[in-house]
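Here's the structure, in structure tokens; my notes come after.
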Amino acid sequence: MTLRRAIQVLKFVAIAAIFLIAIRALHQTLAAYRWSELLMDLKERGAPTLIVANMLALTGYGMMTGYDAVAFRYIEHTLPYRWIALASFTGYAINNSLGLSGVVGSALRYRFYRRWGVAGGDIARVFVFCTVTYWLGFVLLGGTVFLLWPPLAPSSLHLPFGSIRVLGMLLLVPAFSYFAWVLVRRKPLRLRKIEVRLPNRTIFVAQVAISMADWVIAGAVLHTILPTSDDVPFVTTLAIFLLAQIGGLISNVPGGLGVFEAIALVFLRPHFSAAEIVSSLLAFRGIYFLLPLMIALFLLAGHEAAIRAPVRR
């Protein structure tokens with residue numbers, strides 16, 4: 001077995017182990033509850049709450065189209081926004097549900113952009129720019145929230161550090177490094193024969209605004225469908241949401257399934273019952289993942305049908 005193959009096998013085993021541990025933790029916590037109780041608890045939220053959550057989720061996916069729109073502005077390409085929005089919405093909605101390190105969504109977006117005449121090199125630059133933007137907003141928002149409003153870490157987790165503030169400081173290091181890079185260094189960065197042109201300040205501000213708004217809106221979806229509680233401000237829900245996202249992203253399990261829920265359950269448990277938390281997380285997954293996925297598949301099918309339809313004369 002080659003080293004590369006061995007690494008792939010170990011990675012798969014690690015992901016499977018994380019997934020199984022998360023599922024076991026959820027099973028142990030929910031052993032005393034019935035599905036009827038969870039559904040009844042979710043029903044008590046009311047239709048208006050679920051409608052608001054759905055509107056927020058779709059707004060968030062609309063915000064995601066800004067990643068690619070700003071990226072095309074960065075590479076100075078004039079692809080129409082309606083095309084960019086179709087490719088990015090379908091790509092992100094499908095990829096968020098399937099995971100796989102962005103392979104499926106990136107392949108779908110690549111197929112769209114190549115069909116519309118965008119060069120392969122330009123598409124690669126768009127993908128790199130979007131990846132940087134995505135993580136820039138996460139580390140900046142997460143670092144700020146964890147540093148200023150850290151949620152209490154349950155003792156059962158046995159974290160290697162006493163406070164989430166440590167994680168916040170670590171996240172802010174790459175954020176401020178990028179800030180300094182963009183604001184101080186104006187010459188392109190050269191890596192052998194590759195030249196990386198830095199974004200101008202307008203595009204840089206757009207990067208920060210779009211990515212942070214994307215993460216804030218996603219956290220707002222979860223906060224909206226949680227039971228009403230004056231003891232849990234939005235910033236606390238946002239912090240817990242970002243922590244759960246870290247676990248889900250590291251695990252590489254599609255959509256962070258199981259891992260995201262297990263972490264959110266542990267941190268929200270002091271504020272709500274397990275049934276309330278799980279019913280909210282189920283609703284969140286349906287609203288934030290499954291609904292956009294269904295819309296994306298519908299748009300994709302309609303687009304492909306329109307392309308293959310015979311031209312009438």
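Going through the structure tokens in order, the chains are called A, B, and so on, while each chain numbers its residues from 1 and the ligands are numbered from 1 in the order shown.
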### Task
Can you pull out every residue within 8 Å of region 125-132 of chain A, counting only C-alpha atoms, but drop anything in the same chain fewer than 2 positions away, and send it as a ChimeraX atom specification?
/A:67-68,71-72,75,106,121-123,134-136
Can those selected residues be exported to a file as an mmCIF file, in the first residue's frame so that it contains C-alpha atoms?
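Dumped to out_37.cif:
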data_model
loop_
_atom_site.group_PDB
_atom_site.id
_atom_site.type_symbol
_atom_site.label_atom_id
_atom_site.label_comp_id
_atom_site.auth_asym_id
_atom_site.auth_seq_id
_atom_site.Cartn_x
_atom_site.Cartn_y
_atom_site.Cartn_z
ATOM 1 C CA TYR A 67 -18.783 35.136 -3.134
ATOM 2 C CA ASP A 68 -18.612 34.384 -6.841
ATOM 3 C CA ALA A 71 -14.603 36.998 -7.299
ATOM 4 C CA PHE A 72 -15.501 37.739 -10.926
ATOM 5 C CA ILE A 75 -10.547 38.870 -11.897
ATOM 6 C CA SER A 106 -16.978 23.113 -7.335
ATOM 7 C CA GLY A 121 -7.399 29.564 -15.223
ATOM 8 C CA ASP A 122 -9.947 32.265 -14.388
ATOM 9 C CA ILE A 123 -12.259 29.695 -12.802
ATOM 10 C CA TYR A 134 -15.385 32.061 3.033
ATOM 11 C CA TRP A 135 -12.721 31.393 5.669
ATOM 12 C CA LEU A 136 -11.890 35.063 6.155
#
Each residue of region 76-192 of chain A lying at most 7 Å from region 42-65 of chain A should get a row with its shortest atom-to-atom pair and the distance in Å to one decimal, counting only C-alpha atoms; could you produce that, ordered by chain and increasing number, as a Markdown table?
| residue | atom | partner | partner_atom | distance |
| --- | --- | --- | --- | --- |
| A:Ala85 | CA | A:Thr65 | CA | 5.2 |
| A:Ser88 | CA | A:Thr65 | CA | 5.4 |
| A:Phe89 | CA | A:Thr65 | CA | 6.0 |
#### Entry: Closest of A:Leu152, A:Val232, A:Ala93, A:Leu172 to Pro292 (chain A) - atom-to-atom distances counting only C-alpha atoms
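When distances to Pro292 (chain A) are compared using only C-alpha atoms, the smallest one comes from A:Ala93.
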### Query
as JSON, numbers by chain, which residues of region 56-262 of chain A does DSSP assign to alpha helix (DSSP H)?
{"A": [56, 57, 58, 59, 60, 61, 62, 63, 64, 65, 66, 67, 68, 69, 70, 71, 72, 73, 74, 81, 82, 83, 84, 85, 86, 87, 88, 89, 90, 91, 92, 93, 94, 95, 96, 97, 98, 103, 104, 105, 106, 107, 108, 109, 110, 111, 112, 113, 114, 115, 120, 121, 122, 123, 124, 125, 126, 127, 128, 129, 130, 131, 132, 133, 134, 135, 136, 137, 138, 139, 140, 141, 142, 143, 144, 145, 146, 147, 148, 165, 166, 167, 168, 169, 170, 171, 172, 173, 174, 175, 176, 177, 178, 179, 180, 181, 182, 183, 184, 201, 202, 203, 204, 205, 206, 207, 208, 209, 210, 211, 212, 213, 214, 215, 216, 217, 218, 219, 220, 221, 222, 223, 224, 225, 234, 235, 236, 237, 238, 239, 240, 241, 242, 243, 244, 245, 246, 247, 248, 249, 250, 251, 259, 260, 261, 262]}
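Proximity to Gly302 (chain A) was assessed for A:Gly66, A:Leu86, A:Val196, A:Leu171 counting only C-alpha atoms; the smallest distance is recorded for A:Leu86.
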### Query
Smallest atom-to-atom distance to Ala275 (chain A): which of A:Val103, A:Val166, A:Leu226, A:Leu297, using only C-alpha atoms?
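Between A:Val103, A:Val166, A:Leu226, A:Leu297, the residue approaching Ala275 (chain A) most closely is A:Leu226.
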#### Entry: Pick from A:Trp116, A:Phe176, A:Phe234, A:Phe138 nearest to Leu249 (chain A), counting only C-alpha atoms
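Under the stated criterion, the closest residue is A:Phe138.
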### Among listed residues A:Ala119, A:Ala301, A:Ile203, A:Leu222, nearest Ile277 (chain A) (using only C-alpha atoms)
A:Leu222
### Task
Name the residues in contact with region 263-270 of chain A at a cut-off of 8 Å, using only C-alpha atoms, excluding same-chain residues fewer than 2 positions from it; report them as a list of chain:residue names.
A:Pro151, A:Leu152, A:Ala153, A:Pro154, A:Ile240, A:Phe241, A:Leu243, A:Ala244, A:Gly247, A:Val259, A:Phe260, A:Glu261, A:Phe272, A:Ser273, A:Ala274, A:Ile277, A:Val278
### Closest of A:Phe284, A:Phe289, A:Phe146, A:Phe298 to Leu238 (chain A) - atom-to-atom distances counting only C-alpha atoms
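Of A:Phe284, A:Phe289, A:Phe146, A:Phe298, the one nearest Leu238 (chain A), counting only C-alpha atoms, is A:Phe146.
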